[in-house]
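File shown: upload13.tsv (TSV, C-alpha atoms).
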chain	number	residue	atom	x	y	z
X	1	MET	CA	13.98	-30.74	-1.73
X	2	CYS	CA	10.61	-31.27	-3.35
X	3	LYS	CA	10.33	-31.88	-7.08
X	4	ALA	CA	8.52	-28.59	-7.64
X	5	SER	CA	11.56	-26.49	-6.80
X	6	VAL	CA	15.03	-25.68	-8.15
X	7	LEU	CA	18.11	-24.50	-6.31
X	8	LYS	CA	18.26	-20.73	-6.71
X	9	GLU	CA	22.04	-20.55	-7.16
X	10	GLN	CA	22.33	-23.72	-9.25
X	11	CYS	CA	19.76	-23.59	-12.02
X	12	VAL	CA	19.84	-23.16	-15.79
X	13	ILE	CA	17.24	-21.69	-18.12
X	14	PHE	CA	16.00	-23.95	-20.93
X	15	THR	CA	14.42	-22.09	-23.85
X	16	LEU	CA	11.94	-24.14	-25.88
X	17	THR	CA	11.81	-22.60	-29.37
X	18	ASN	CA	8.42	-24.18	-30.13
X	19	GLY	CA	7.05	-23.87	-26.59
X	20	PRO	CA	3.88	-21.96	-25.73
X	21	GLU	CA	4.14	-18.22	-26.43
X	22	LYS	CA	2.12	-17.35	-23.34
X	23	PRO	CA	2.40	-19.34	-20.12
X	24	PHE	CA	-0.68	-21.40	-19.27
X	25	VAL	CA	-1.76	-23.47	-16.27
X	26	GLN	CA	-3.09	-27.00	-16.45
X	27	ILE	CA	-4.53	-29.03	-13.56
X	28	LEU	CA	-2.82	-32.44	-13.35
X	29	PRO	CA	-2.95	-35.32	-10.87
X	30	ARG	CA	-0.25	-35.11	-8.17
X	31	HIS	CA	0.47	-38.80	-8.67
X	32	LYS	CA	-0.34	-40.67	-11.87
X	33	LYS	CA	-1.21	-43.95	-10.15
X	34	ARG	CA	-2.89	-42.66	-6.97
X	35	ASP	CA	-5.98	-40.55	-7.49
X	36	GLY	CA	-6.27	-39.92	-3.76
X	37	ALA	CA	-3.13	-37.76	-3.83
X	38	GLY	CA	-5.17	-34.89	-5.30
X	39	LYS	CA	-4.47	-32.43	-8.08
X	40	LYS	CA	-1.77	-29.83	-8.77
X	41	ALA	CA	-1.60	-26.75	-10.96
X	42	THR	CA	1.33	-26.93	-13.39
X	43	THR	CA	2.44	-23.90	-15.39
X	44	PHE	CA	3.81	-24.45	-18.90
X	45	ALA	CA	5.98	-21.83	-20.65
X	46	ASN	CA	8.59	-21.55	-23.39
X	47	ARG	CA	11.30	-20.82	-20.80
X	48	ILE	CA	11.76	-23.28	-17.96
X	49	TRP	CA	14.25	-23.72	-15.11
X	50	LEU	CA	16.29	-26.92	-14.66
X	51	ASP	CA	18.64	-27.89	-11.85
X	52	TYR	CA	22.26	-27.37	-12.90
X	53	GLY	CA	23.07	-31.03	-12.21
X	54	ASP	CA	20.41	-32.11	-14.71
X	55	ALA	CA	21.63	-29.60	-17.30
X	56	ALA	CA	25.21	-30.82	-16.91
X	57	ALA	CA	24.13	-34.41	-17.62
X	58	ILE	CA	22.56	-33.47	-20.98
X	59	ASN	CA	24.40	-33.64	-24.32
X	60	LYS	CA	23.70	-31.67	-27.48
X	61	GLY	CA	21.26	-33.55	-29.71
X	62	GLU	CA	19.97	-35.66	-26.82
X	63	GLU	CA	16.27	-36.24	-26.26
X	64	VAL	CA	15.13	-35.87	-22.64
X	65	THR	CA	11.79	-36.21	-20.89
X	66	LEU	CA	10.36	-33.16	-19.14
X	67	MET	CA	8.25	-34.69	-16.36
X	68	ASP	CA	4.48	-34.15	-16.75
X	69	TRP	CA	4.99	-32.55	-20.17
X	70	GLY	CA	6.75	-34.70	-22.77
X	71	ASN	CA	10.06	-34.98	-24.59
X	72	ALA	CA	12.41	-32.26	-25.79
X	73	ILE	CA	15.53	-32.32	-27.96
X	74	ILE	CA	18.54	-30.25	-26.93
X	75	GLU	CA	19.75	-28.18	-29.91
X	76	GLU	CA	22.29	-25.92	-28.22
X	77	ILE	CA	24.18	-25.71	-24.93
X	78	LYS	CA	25.42	-22.18	-24.19
X	79	MET	CA	28.42	-21.89	-21.89
X	80	ASP	CA	30.47	-19.13	-20.30
X	81	SER	CA	33.92	-20.06	-18.95
X	82	GLY	CA	32.98	-23.74	-18.83
X	83	VAL	CA	29.72	-23.12	-16.96
X	84	ILE	CA	26.37	-23.90	-18.60
X	85	THR	CA	24.32	-20.71	-18.82
X	86	GLU	CA	21.42	-21.76	-21.06
X	87	LEU	CA	20.00	-24.68	-23.00
X	88	VAL	CA	18.05	-24.23	-26.23
X	89	GLY	CA	15.83	-26.92	-27.70
X	90	GLU	CA	12.43	-27.82	-28.95
X	91	LEU	CA	9.53	-29.85	-27.68
X	92	ARG	CA	8.97	-33.23	-29.29
X	93	LEU	CA	5.72	-34.23	-27.61
X	94	GLU	CA	5.23	-37.28	-29.85
X	95	GLY	CA	8.44	-38.81	-28.42
X	96	SER	CA	8.32	-41.77	-26.05
X	97	VAL	CA	9.23	-41.48	-22.36
X	98	LYS	CA	10.59	-45.04	-22.56
X	99	THR	CA	13.31	-44.12	-25.09
X	100	THR	CA	14.91	-41.33	-23.05
X	101	LYS	CA	17.67	-41.77	-20.51
X	102	LEU	CA	16.98	-38.58	-18.52
X	103	LYS	CA	13.66	-37.74	-16.88
X	104	ILE	CA	13.96	-34.13	-15.69
X	105	THR	CA	11.88	-32.05	-13.30
X	106	TRP	CA	11.46	-28.39	-14.21
X	107	LEU	CA	9.72	-25.13	-13.30
X	108	ALA	CA	8.23	-22.59	-15.69
X	109	ASP	CA	10.06	-19.25	-15.71
X	110	VAL	CA	7.18	-17.08	-14.50
X	111	GLU	CA	6.84	-14.24	-12.00
X	112	GLU	CA	4.77	-16.42	-9.67
X	113	LEU	CA	7.80	-18.45	-8.51
X	114	VAL	CA	8.36	-17.98	-4.80
X	115	PRO	CA	11.90	-17.53	-3.43
X	116	LEU	CA	12.34	-19.62	-0.30
X	117	THR	CA	15.18	-20.50	2.07
X	118	LEU	CA	15.39	-24.09	3.27
X	119	VAL	CA	17.23	-24.56	6.56
X	120	GLU	CA	18.96	-27.85	7.25
X	121	CYS	CA	20.06	-28.58	10.80
X	122	ASP	CA	23.00	-30.89	11.44
X	123	TYR	CA	23.98	-32.47	14.75
X	124	LEU	CA	24.90	-29.81	17.29
X	125	ILE	CA	27.58	-31.94	18.94
X	126	ASN	CA	29.98	-34.02	16.85
X	127	LYS	CA	31.02	-36.45	19.61
X	128	LYS	CA	28.87	-39.38	20.81
X	129	LYS	CA	29.61	-38.98	24.50
X	130	ILE	CA	31.19	-36.16	26.49
X	131	CYS	CA	32.59	-37.28	29.80
X	132	SER	CA	32.77	-35.05	32.86
X	133	LYS	CA	36.55	-34.65	32.44
X	134	THR	CA	36.16	-33.00	29.04
X	135	ALA	CA	32.84	-31.20	29.64
X	136	PHE	CA	34.63	-27.86	30.12
X	137	LEU	CA	35.81	-28.21	26.47
X	138	PHE	CA	32.20	-28.24	25.29
X	139	THR	CA	32.79	-25.72	22.49
X	140	LYS	CA	35.41	-28.03	21.00
X	141	PHE	CA	32.71	-30.62	20.28
X	142	LEU	CA	30.28	-28.30	18.49
X	143	SER	CA	29.74	-29.02	14.80
X	144	PRO	CA	31.43	-26.33	12.69
X	145	GLN	CA	28.39	-25.84	10.44
X	146	PHE	CA	25.27	-26.58	12.44
X	147	LEU	CA	22.87	-24.73	10.10
X	148	LEU	CA	22.89	-24.81	6.30
X	149	ASN	CA	20.71	-22.35	4.39
X	150	VAL	CA	19.79	-23.21	0.79
X	151	GLY	CA	17.90	-20.84	-1.50
X	152	VAL	CA	15.27	-22.37	-3.81
X	153	MET	CA	12.55	-21.22	-6.18
X	154	LEU	CA	9.21	-22.91	-5.53
X	155	GLN	CA	5.93	-23.20	-7.40
X	156	GLU	CA	3.39	-20.78	-6.01
X	157	ASN	CA	0.70	-23.44	-5.50
X	158	LEU	CA	2.91	-25.29	-2.97
X	159	CYS	CA	3.09	-22.41	-0.52

Before we go any further, please render this structure as structure tokens.
Amino acid sequence: MCKASVLKEQCVIFTLTNGPEKPFVQILPRHKKRDGAGKKATTFANRIWLDYGDAAAINKGEEVTLMDWGNAIIEEIKMDSGVITELVGELRLEGSVKTTKLKITWLADVEELVPLTLVECDYLINKKKICSKTAFLFTKFLSPQFLLNVGVMLQENLC
């Protein structure tokens, strides 16, 4: 999965109390050290999406780095039946990337996010070699889950 997407079924909203009131777009380099990689449009907003795995690794009071933006401090972790439903925090842009343990990718919560289904194909046959004696049992050697569909939300400028 590319870094400009989050899993649709496994993401958490992060509300930045001092984030920008209105979303805005800024043109940034795709790669900080390679100018030849081109530019990308990044949307900044006061509500952003994080992958659930990243949200689960964060503790209350921890400072994390939001990639291509800056640092943020987690003030509150809202949960429902043991599942993280929302993070609340504030931007601390003067913080140092070097002092944070977690560097997190994110997406702005805007209408322009594109829902997309990624399809992963596994091996069709789960046996290295099928001899002629067992060829009539072909269906026995098919992988049980050949296709895996994963829903993601993607930045509009990547489509």

Query raised in the report: Of the residues X:Ala57, X:Val114, X:Met153, X:Leu124, which is the one nearest to Val6 in chain X, using all atoms listed in the file?
Result: X:Met153

Residue contacts of range 21-38 of chain X (10 Å, only C-alpha atoms) excluding same-chain residues fewer than 5 positions away, as a PDB file with C-alpha atoms, keeping the file's coordinate frame:
ATOM      1  CA  LEU X  16      11.940 -24.140 -25.880  1.00  0.00           C
ATOM      2  CA  THR X  43       2.440 -23.900 -15.390  1.00  0.00           C
ATOM      3  CA  PHE X  44       3.810 -24.450 -18.900  1.00  0.00           C
ATOM      4  CA  ALA X  45       5.980 -21.830 -20.650  1.00  0.00           C
ATOM      5  CA  ASN X  46       8.590 -21.550 -23.390  1.00  0.00           C
ATOM      6  CA  ARG X  47      11.300 -20.820 -20.800  1.00  0.00           C
ATOM      7  CA  ASP X  68       4.480 -34.150 -16.750  1.00  0.00           C
ATOM      8  CA  ALA X 108       8.230 -22.590 -15.690  1.00  0.00           C
ATOM      9  CA  ASP X 109      10.060 -19.250 -15.710  1.00  0.00           C
ATOM     10  CA  VAL X 110       7.180 -17.080 -14.500  1.00  0.00           C
TER      11      VAL X 110
END

Query raised in the report: Separation of CA of Asn149 in chain X and CA of Leu50 in chain X, in Å?
Result: 20.1 Å

Query - Atomic distance CA of Ala41 in chain X - CA of Ala56 in chain X, expressed in Å with one decimal - result: 27.8 Å

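Of the residues under consideration (X:Tyr123, X:Val88, X:Ile104, X:Lys128), X:Ile104 shows the shortest atom-to-atom contact distance to Met67 in chain X when counting all atoms listed in the file.
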
Query raised in the report: Counting all atoms listed in the file, what is within 9 Å of Ile74 in chain X, bar same-chain residues fewer than 5 positions away, as a ChimeraX atom specification?
Result: /X:58-64,87-90

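Straight-line separation from CA of Trp69 in chain X to CA of Leu93 in chain X: 7.7 Å.
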
Can you report as lines of an AutoDock Vina configuration file the centre and edge lengths in Å, to one decimal, of an axis-aligned box around the listed atoms of range 94-98 of chain X padded with 6 Å on each side?
center_x = 7.9
center_y = -41.2
center_z = -26.1
size_x = 17.4
size_y = 19.8
size_z = 19.5

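The nearest approach to Asp122 in chain X among the residues X:Leu148, X:Val97, X:Leu102, X:Val12, with all atoms listed in the file taken into account, belongs to X:Leu148.
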